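**Student:** Below you'll find model-v8.cif; it's mmCIF, C-alpha atoms.
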```cif
data_my_file
loop_
_atom_site.label_atom_id
_atom_site.label_comp_id
_atom_site.auth_asym_id
_atom_site.auth_seq_id
_atom_site.Cartn_x
_atom_site.Cartn_y
_atom_site.Cartn_z
CA MET A 1 17.26 -10.96 -17.58
CA GLU A 2 13.61 -11.80 -16.90
CA GLU A 3 11.71 -9.69 -14.43
CA ILE A 4 10.04 -11.41 -11.48
CA VAL A 5 6.97 -9.90 -9.81
CA LEU A 6 5.96 -11.20 -6.38
CA LEU A 7 2.28 -10.64 -5.53
CA CYS A 8 1.91 -10.12 -1.77
CA GLU A 9 -1.00 -9.74 0.62
CA ASP A 10 -1.72 -6.08 1.36
CA SER A 11 -0.50 -6.11 4.95
CA ILE A 12 2.73 -5.71 6.90
CA GLU A 13 2.95 -9.47 7.28
CA GLY A 14 2.30 -10.02 3.57
CA ILE A 15 4.89 -7.49 2.38
CA LEU A 16 7.58 -8.77 4.74
CA THR A 17 6.92 -12.33 3.60
CA GLY A 18 7.41 -11.05 0.06
CA VAL A 19 10.78 -9.57 1.06
CA TYR A 20 11.77 -12.93 2.57
CA ALA A 21 10.67 -14.74 -0.61
CA ALA A 22 12.68 -12.30 -2.77
CA TYR A 23 15.87 -13.14 -0.86
CA GLU A 24 15.12 -16.85 -1.13
CA LEU A 25 15.19 -16.55 -4.93
CA ARG A 26 18.90 -15.57 -4.74
CA LYS A 27 18.63 -13.44 -7.86
CA ASN A 28 19.63 -9.90 -8.74
CA HIS A 29 17.33 -7.64 -6.71
CA ASP A 30 17.09 -5.23 -9.62
CA THR A 31 15.10 -7.88 -11.50
CA ILE A 32 12.58 -8.45 -8.69
CA ARG A 33 9.52 -6.32 -7.97
CA LEU A 34 6.98 -6.57 -5.13
CA GLN A 35 3.38 -5.48 -5.46
CA THR A 36 0.28 -5.88 -3.33
CA SER A 37 -2.36 -5.48 -6.00
CA GLU A 38 -3.24 -7.40 -9.15
CA THR A 39 -5.06 -4.32 -10.44
CA GLU A 40 -1.79 -2.82 -11.67
CA ASN A 41 -1.10 -3.22 -15.37
CA TYR A 42 0.67 -6.48 -16.11
CA ARG A 43 4.29 -6.01 -17.17
CA LEU A 44 5.34 -7.56 -20.46
CA PHE A 45 7.63 -10.60 -20.22
CA ALA A 46 7.51 -10.57 -16.39
CA VAL A 47 7.03 -13.79 -14.41
CA TYR A 48 4.42 -13.53 -11.64
CA HIS A 49 4.51 -15.48 -8.38
CA GLU A 50 1.95 -15.31 -5.59
CA VAL A 51 3.35 -15.15 -2.06
CA LYS A 52 1.20 -16.24 0.89
CA ALA A 53 1.70 -14.37 4.13
CA ASP A 54 3.76 -16.26 6.70
CA GLU A 55 3.97 -14.91 10.25
CA GLU A 56 7.26 -16.64 11.07
CA LYS A 57 9.05 -15.36 7.96
CA ALA A 58 7.65 -11.86 8.42
CA ASP A 59 8.84 -11.82 12.03
CA LYS A 60 12.38 -12.75 10.94
CA VAL A 61 12.47 -9.82 8.51
CA LEU A 62 11.07 -7.45 11.17
CA ARG A 63 13.78 -8.46 13.64
CA THR A 64 16.45 -7.91 10.98
CA ILE A 65 15.09 -4.44 10.19
CA TYR A 66 15.09 -3.45 13.86
CA ARG A 67 18.57 -4.86 14.50
CA ARG A 68 20.23 -3.46 11.36
CA PHE A 69 18.51 -0.09 10.92
CA GLY A 70 17.29 0.93 14.38
CA GLU A 71 13.95 1.91 15.88
CA GLU A 72 13.34 5.04 13.80
CA ALA A 73 13.77 3.28 10.44
CA TYR A 74 11.74 0.35 11.76
CA THR A 75 8.83 2.69 12.55
CA GLN A 76 9.05 4.49 9.21
CA LEU A 77 9.07 1.24 7.24
CA CYS A 78 6.06 -0.08 9.17
CA GLN A 79 4.15 3.16 8.58
CA ALA A 80 4.98 2.99 4.87
CA MET A 81 3.66 -0.58 4.68
CA VAL A 82 0.18 0.46 5.85
CA SER A 83 -0.04 3.23 3.25
CA TYR A 84 -2.74 3.22 0.56
CA ASP A 85 -0.08 3.70 -2.15
CA GLU A 86 0.15 0.75 -4.57
CA GLU A 87 3.94 1.09 -4.93
CA LYS A 88 4.66 0.78 -1.21
CA ALA A 89 5.71 -2.89 -1.25
CA ASP A 90 8.40 -2.38 -3.89
CA ALA A 91 9.69 0.78 -2.20
CA VAL A 92 9.97 -0.99 1.17
CA TYR A 93 11.63 -4.04 -0.38
CA HIS A 94 14.33 -2.06 -2.22
CA THR A 95 14.90 0.18 0.80
CA ILE A 96 15.64 -2.91 2.87
CA VAL A 97 17.92 -4.24 0.12
CA THR A 98 19.78 -0.91 0.01
CA GLY A 99 20.24 -0.89 3.77
CA ILE A 100 21.49 -4.48 4.00
CA SER A 101 23.90 -3.94 1.09
CA GLY A 102 25.76 -1.32 3.14
CA GLN A 103 25.64 1.14 0.27
CA TYR A 104 25.12 4.07 2.66
CA ARG A 105 26.71 4.88 6.00
CA GLY A 106 24.85 6.30 8.99
CA MET A 107 21.08 6.48 9.34
CA LEU A 108 19.42 4.68 6.43
CA MET A 109 16.37 6.93 6.14
CA GLU A 110 18.50 10.08 5.87
CA HIS A 111 19.65 9.17 2.35
CA LEU A 112 16.71 10.72 0.51
CA SER A 113 18.60 10.93 -2.78
CA ASN A 114 17.76 7.24 -3.19
CA ARG A 115 14.34 7.08 -4.85
CA PHE A 116 13.17 4.07 -2.85
CA ILE A 117 14.19 5.54 0.50
CA ASN A 118 12.62 8.84 -0.51
CA LYS A 119 9.38 7.05 -1.41
CA VAL A 120 9.27 5.23 1.95
CA PHE A 121 9.96 8.51 3.74
CA GLN A 122 7.06 10.24 1.95
CA LEU A 123 4.65 7.37 2.60
CA SER A 124 5.65 7.17 6.26
CA ARG A 125 5.18 10.91 6.72
CA ASN A 126 1.72 10.78 5.13
CA THR A 127 0.68 7.91 7.40
CA GLY A 128 2.17 9.58 10.47
CA ILE A 129 0.25 12.80 9.79
CA GLU A 130 -3.03 10.90 9.51
CA ILE A 131 -2.35 9.03 12.76
CA HIS A 132 -1.55 12.33 14.48
CA HIS A 133 -4.79 13.87 13.18
CA LEU A 134 -6.94 10.99 14.33
CA LEU A 135 -5.51 10.94 17.83
CA GLY A 136 -7.50 14.15 18.22
CA PHE A 137 -10.30 13.78 15.69
CA LEU A 138 -11.51 10.23 16.44
CA ARG A 139 -14.84 10.32 18.28
CA PHE A 140 -16.16 7.56 20.55
CA GLN A 141 -19.90 7.25 21.20
CA GLU A 142 -21.35 5.30 24.10
CA LEU A 143 -23.92 2.70 23.07
CA LYS A 144 -26.58 1.20 25.31
CA GLY A 145 -24.70 -1.30 27.44
CA GLY A 146 -21.71 0.99 27.93
CA VAL A 147 -19.57 0.01 24.93
CA LEU A 148 -17.69 2.89 23.28
CA LEU A 149 -17.70 2.77 19.48
CA ALA A 150 -15.69 4.88 17.03
CA ARG A 151 -16.33 4.70 13.28
CA TYR A 152 -13.90 6.18 10.79
CA CYS A 153 -12.61 5.81 7.23
CA PRO A 154 -8.85 6.48 7.05
CA LYS A 155 -6.87 6.68 3.81
CA ASN A 156 -4.19 4.43 5.27
CA ASP A 157 -4.65 1.12 7.12
CA ILE A 158 -3.75 2.53 10.54
CA THR A 159 -6.17 0.87 12.99
CA ALA A 160 -3.48 -1.36 14.50
CA MET A 161 -1.22 1.67 15.00
CA LEU A 162 -3.97 3.88 16.41
CA THR A 163 -5.50 1.44 18.90
CA PRO A 164 -2.58 1.18 21.40
CA HIS A 165 -2.91 4.92 22.15
CA PHE A 166 -6.54 4.52 23.21
CA ALA A 167 -5.99 1.14 24.89
CA ASP A 168 -3.43 2.84 27.13
CA ARG A 169 -5.85 5.66 28.04
CA LEU A 170 -9.12 3.72 28.20
CA VAL A 171 -7.89 0.71 30.14
CA ASN A 172 -11.16 0.32 32.06
CA GLU A 173 -13.48 0.74 29.06
CA ASP A 174 -14.95 -1.66 26.54
CA PHE A 175 -14.42 -0.03 23.15
CA ALA A 176 -14.17 -0.76 19.44
CA ILE A 177 -12.65 1.18 16.52
CA TYR A 178 -14.24 0.30 13.17
CA ASP A 179 -12.63 0.98 9.77
CA GLU A 180 -15.61 1.33 7.43
CA GLN A 181 -13.52 1.17 4.26
CA ARG A 182 -11.61 -2.05 5.04
CA LYS A 183 -14.41 -3.69 7.03
CA TYR A 184 -12.58 -4.68 10.19
CA TYR A 185 -12.29 -3.36 13.73
CA ALA A 186 -10.17 -3.34 16.86
CA VAL A 187 -11.83 -4.60 20.04
CA HIS A 188 -10.65 -3.69 23.54
CA PRO A 189 -12.35 -5.59 26.39
CA LYS A 190 -12.15 -3.76 29.71
CA GLY A 191 -8.85 -4.50 31.47
CA LYS A 192 -7.66 -6.93 28.78
CA GLN A 193 -5.52 -6.97 25.64
CA TRP A 194 -7.04 -5.57 22.43
CA TYR A 195 -7.32 -7.58 19.22
CA LEU A 196 -8.45 -7.21 15.59
CA VAL A 197 -11.61 -8.72 14.09
CA ARG A 198 -12.06 -9.10 10.32
CA GLY A 199 -15.55 -8.43 8.99
CA GLU A 200 -18.33 -5.93 9.50
CA LEU A 201 -19.85 -4.99 12.83
CA PRO A 202 -22.78 -7.19 13.92
CA PHE A 203 -25.11 -4.18 13.54
CA SER A 204 -25.51 -1.30 11.09
CA GLN A 205 -25.08 2.38 11.88
CA GLU A 206 -28.88 2.82 11.68
CA GLN A 207 -29.31 0.15 14.38
CA GLU A 208 -26.96 1.84 16.84
CA GLU A 209 -28.66 2.95 20.04
CA TYR A 210 -26.87 5.52 22.17
CA SER A 211 -27.07 5.63 25.93
CA ARG A 212 -29.14 8.44 27.45
CA GLU A 213 -25.99 10.12 28.78
CA GLU A 214 -24.38 9.98 25.31
CA GLU A 215 -27.33 11.71 23.66
CA THR A 216 -27.30 14.42 26.33
CA TYR A 217 -23.57 15.08 26.07
CA GLN A 218 -23.67 15.11 22.26
CA MET A 219 -26.33 17.83 22.39
CA LEU A 220 -24.37 19.82 24.98
CA TYR A 221 -21.11 19.49 23.04
CA ARG A 222 -22.66 20.69 19.78
CA HIS A 223 -24.25 23.61 21.62
CA PHE A 224 -20.91 24.45 23.23
CA CYS A 225 -19.11 24.47 19.85
CA GLN A 226 -21.77 26.73 18.35
CA THR A 227 -21.71 29.09 21.32
CA ILE A 228 -17.95 29.70 21.37
CA ALA A 229 -17.78 30.30 17.59
CA ILE A 230 -17.17 33.91 16.54
CA ALA A 231 -19.04 34.62 13.31
CA GLU A 232 -16.86 37.63 12.43
CA ARG A 233 -13.74 35.46 12.53
CA LYS A 234 -15.08 32.61 10.44
CA ASN A 235 -12.37 31.35 8.07
CA PRO A 236 -13.46 28.21 6.12
CA GLY A 237 -10.14 27.92 4.27
CA LEU A 238 -8.05 27.87 7.44
CA GLN A 239 -10.53 25.52 9.08
CA ARG A 240 -10.20 23.04 6.21
CA ASN A 241 -6.41 23.17 6.53
CA MET A 242 -6.57 22.44 10.25
CA LEU A 243 -9.46 19.96 10.02
CA PRO A 244 -9.89 18.28 6.59
CA LEU A 245 -13.46 17.70 5.43
CA ARG A 246 -13.07 13.93 5.24
CA PHE A 247 -12.82 13.68 9.03
CA ARG A 248 -16.00 15.65 9.79
CA LYS A 249 -18.50 12.96 8.79
CA TYR A 250 -17.56 11.05 11.94
CA MET A 251 -17.21 13.97 14.35
CA THR A 252 -20.01 14.73 16.81
CA GLU A 253 -19.70 18.52 16.56
CA PHE A 254 -20.27 18.49 12.79
CA LYS A 255 -23.33 16.22 12.73
#
```
Could I get this structure in the form of structure tokens?

**Tutor:**
Amino acid sequence: MEEIVLLCEDSIEGILTGVYAAYELRKNHDTIRLQTSETENYRLFAVYHEVKADEEKADKVLRTIYRRFGEEAYTQLCQAMVSYDEEKADAVYHTIVTGISGQYRGMLMEHLSNRFINKVFQLSRNTGIEIHHLLGFLRFQELKGGVLLARYCPKNDITAMLTPHFADRLVNEDFAIYDEQRKYYAVHPKGKQWYLVRGELPFSQEQEEYSREEETYQMLYRHFCQTIAIAERKNPGLQRNMLPLRFRKYMTEFK
């Protein structure tokens, strides 16, 4: 039987639309593969179809996932879909197929002997760890005018999952979280709902001007971190385990 490859947009909406399209084909799921990147090596004798993201179709698949598998599996699948791994779309698709087929009883994500479920579990855990890290490591800096800006460069596309945490705690602040790798940012106007903006910030990092209070507190915070450090107990290896180097570029105390 010929293999069918569905090329999806690299987003939750795009992958879920691909899942919907795969079911519409009404073919053996073992012959269908989802991928989000055309950079992968082309597979011999496979037929390629491009799938455009469709919000309505993606929403139908999301509701089915939540209803059939529960909140925990829903969260894990969503976290897997924002992973940087190129095989995420196919793993998510076949995990959904496995769950709907009724092959396993009980909690779907507990059946780690299945290679697709195991892959989704690993991707979700990796994404969840990065989100957990950045809840503590993300640094906001106050610009002139009072807007709080946080720059970062996560491995996984987690801005939409990270922003609600800060929107809940900074209700009365204007802030933005900018993903430098993917060139988009979350905007939270004071007292309003946050939203995503595609594209670069309207100013470069060199053009950023901090408020006077921000410059003062940055200096005090760096001095505080240096003062409490105990030279005799310095342990670079342990520090790297607790605080990976890739986060430090954006942290005030390491500048």

**Student:** Measuring between all atoms listed in the file, which one of A:Arg125, A:Lys155, A:Arg212, A:His111 shows the shortest distance to Leu143 in chain A?

**Tutor:**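 Result for the nearest residue to Leu143 in chain A: A:Arg212.
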
**Student:** For Glu130 in chain A, work out the shell of residues within 8 Å, counting only C-alpha atoms and skipping chain neighbours fewer than 3 positions away, then give it as a PyMOL selection string.

**Tutor:** chain A and resi 126-127+133-134+154+156

**Student:** Which residues are close to Tyr185 in chain A, i.e. within 7 Å by all atoms listed in the file, leaving aside same-chain residues fewer than 4 positions away? Reply as number ranges by chain.

**Tutor:** A: 176-179, 196-198

**Student:** Mind working out the centre and edge lengths of an axis-aligned box for range 189-208 of chain A, all listed atoms inside, 4 Å added to each side, rounded to one decimal in Å and written as lines of an AutoDock Vina configuration file?

**Tutor:**
```
center_x = -17.4
center_y = -3.1
center_z = 20.2
size_x = 31.8
size_y = 19.9
size_z = 30.5
```

**Student:** Using all atoms listed in the file, which protein or nucleic acid residues come within 12 Å of range 159-175 of chain A? Drop anything in the same chain fewer than 3 positions from it, and give the result as a PDB file with C-alpha atoms, in the coordinates of the input.

**Tutor:**
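Result saved to out_23.pdb:
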```pdb
ATOM      1  CA  SER A  11      -0.500  -6.110   4.950  1.00  0.00           C
ATOM      2  CA  ILE A  12       2.730  -5.710   6.900  1.00  0.00           C
ATOM      3  CA  THR A  75       8.830   2.690  12.550  1.00  0.00           C
ATOM      4  CA  CYS A  78       6.060  -0.080   9.170  1.00  0.00           C
ATOM      5  CA  GLN A  79       4.150   3.160   8.580  1.00  0.00           C
ATOM      6  CA  ALA A  80       4.980   2.990   4.870  1.00  0.00           C
ATOM      7  CA  MET A  81       3.660  -0.580   4.680  1.00  0.00           C
ATOM      8  CA  VAL A  82       0.180   0.460   5.850  1.00  0.00           C
ATOM      9  CA  SER A  83      -0.040   3.230   3.250  1.00  0.00           C
ATOM     10  CA  THR A 127       0.680   7.910   7.400  1.00  0.00           C
ATOM     11  CA  GLY A 128       2.170   9.580  10.470  1.00  0.00           C
ATOM     12  CA  ILE A 129       0.250  12.800   9.790  1.00  0.00           C
ATOM     13  CA  GLU A 130      -3.030  10.900   9.510  1.00  0.00           C
ATOM     14  CA  ILE A 131      -2.350   9.030  12.760  1.00  0.00           C
ATOM     15  CA  HIS A 132      -1.550  12.330  14.480  1.00  0.00           C
ATOM     16  CA  HIS A 133      -4.790  13.870  13.180  1.00  0.00           C
ATOM     17  CA  LEU A 134      -6.940  10.990  14.330  1.00  0.00           C
ATOM     18  CA  LEU A 135      -5.510  10.940  17.830  1.00  0.00           C
ATOM     19  CA  GLY A 136      -7.500  14.150  18.220  1.00  0.00           C
ATOM     20  CA  PHE A 137     -10.300  13.780  15.690  1.00  0.00           C
ATOM     21  CA  LEU A 138     -11.510  10.230  16.440  1.00  0.00           C
ATOM     22  CA  ARG A 139     -14.840  10.320  18.280  1.00  0.00           C
ATOM     23  CA  PHE A 140     -16.160   7.560  20.550  1.00  0.00           C
ATOM     24  CA  GLN A 141     -19.900   7.250  21.200  1.00  0.00           C
ATOM     25  CA  GLU A 142     -21.350   5.300  24.100  1.00  0.00           C
ATOM     26  CA  LEU A 143     -23.920   2.700  23.070  1.00  0.00           C
ATOM     27  CA  GLY A 145     -24.700  -1.300  27.440  1.00  0.00           C
ATOM     28  CA  GLY A 146     -21.710   0.990  27.930  1.00  0.00           C
ATOM     29  CA  VAL A 147     -19.570   0.010  24.930  1.00  0.00           C
ATOM     30  CA  LEU A 148     -17.690   2.890  23.280  1.00  0.00           C
ATOM     31  CA  LEU A 149     -17.700   2.770  19.480  1.00  0.00           C
ATOM     32  CA  ALA A 150     -15.690   4.880  17.030  1.00  0.00           C
ATOM     33  CA  ARG A 151     -16.330   4.700  13.280  1.00  0.00           C
ATOM     34  CA  TYR A 152     -13.900   6.180  10.790  1.00  0.00           C
ATOM     35  CA  CYS A 153     -12.610   5.810   7.230  1.00  0.00           C
ATOM     36  CA  PRO A 154      -8.850   6.480   7.050  1.00  0.00           C
ATOM     37  CA  LYS A 155      -6.870   6.680   3.810  1.00  0.00           C
ATOM     38  CA  ASN A 156      -4.190   4.430   5.270  1.00  0.00           C
ATOM     39  CA  TYR A 178     -14.240   0.300  13.170  1.00  0.00           C
ATOM     40  CA  ASP A 179     -12.630   0.980   9.770  1.00  0.00           C
ATOM     41  CA  GLU A 180     -15.610   1.330   7.430  1.00  0.00           C
ATOM     42  CA  GLN A 181     -13.520   1.170   4.260  1.00  0.00           C
ATOM     43  CA  ARG A 182     -11.610  -2.050   5.040  1.00  0.00           C
ATOM     44  CA  LYS A 183     -14.410  -3.690   7.030  1.00  0.00           C
ATOM     45  CA  TYR A 184     -12.580  -4.680  10.190  1.00  0.00           C
ATOM     46  CA  TYR A 185     -12.290  -3.360  13.730  1.00  0.00           C
ATOM     47  CA  ALA A 186     -10.170  -3.340  16.860  1.00  0.00           C
ATOM     48  CA  VAL A 187     -11.830  -4.600  20.040  1.00  0.00           C
ATOM     49  CA  HIS A 188     -10.650  -3.690  23.540  1.00  0.00           C
ATOM     50  CA  PRO A 189     -12.350  -5.590  26.390  1.00  0.00           C
ATOM     51  CA  LYS A 190     -12.150  -3.760  29.710  1.00  0.00           C
ATOM     52  CA  GLY A 191      -8.850  -4.500  31.470  1.00  0.00           C
ATOM     53  CA  LYS A 192      -7.660  -6.930  28.780  1.00  0.00           C
ATOM     54  CA  GLN A 193      -5.520  -6.970  25.640  1.00  0.00           C
ATOM     55  CA  TRP A 194      -7.040  -5.570  22.430  1.00  0.00           C
ATOM     56  CA  TYR A 195      -7.320  -7.580  19.220  1.00  0.00           C
ATOM     57  CA  LEU A 196      -8.450  -7.210  15.590  1.00  0.00           C
ATOM     58  CA  VAL A 197     -11.610  -8.720  14.090  1.00  0.00           C
ATOM     59  CA  ARG A 198     -12.060  -9.100  10.320  1.00  0.00           C
TER      60      ARG A 198
END
```

**Student:** Which is closer to Leu77 in chain A than all the others in A:Ile32, A:Val61, A:Ala229, A:Leu220, using all atoms listed in the file?

**Tutor:**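 Closest to Leu77 in chain A of all the choices is A:Val61.
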
**Student:** Could you check the closest approach to Ile15 in chain A for each of A:Lys249, A:His94, A:Arg105, A:Lys255 and tell me which residue wins, using all atoms listed in the file?

**Tutor:**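 Of all the options, A:His94 lies closest to Ile15 in chain A.
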
**Student:** Using CA of Ala89 in chain A and CA of Leu6 in chain A as the two end points, give the distance in Å to one decimal.

**Tutor:**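 Interatomic distance here is 9.8 Å.
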
**Student:** Using only C-alpha atoms, can you tell me which of A:Met1, A:Val97, A:Cys225, A:Ile230 comes closest to Ala22 in chain A?

**Tutor:** A:Val97

**Student:** Mind telling me what the PyMOL selection byres ((chain A and resi 17) around 6) catches here, as an MDAnalysis selection string?

**Tutor:** chainID A and resid 14:16 18:20 53:54 57:58
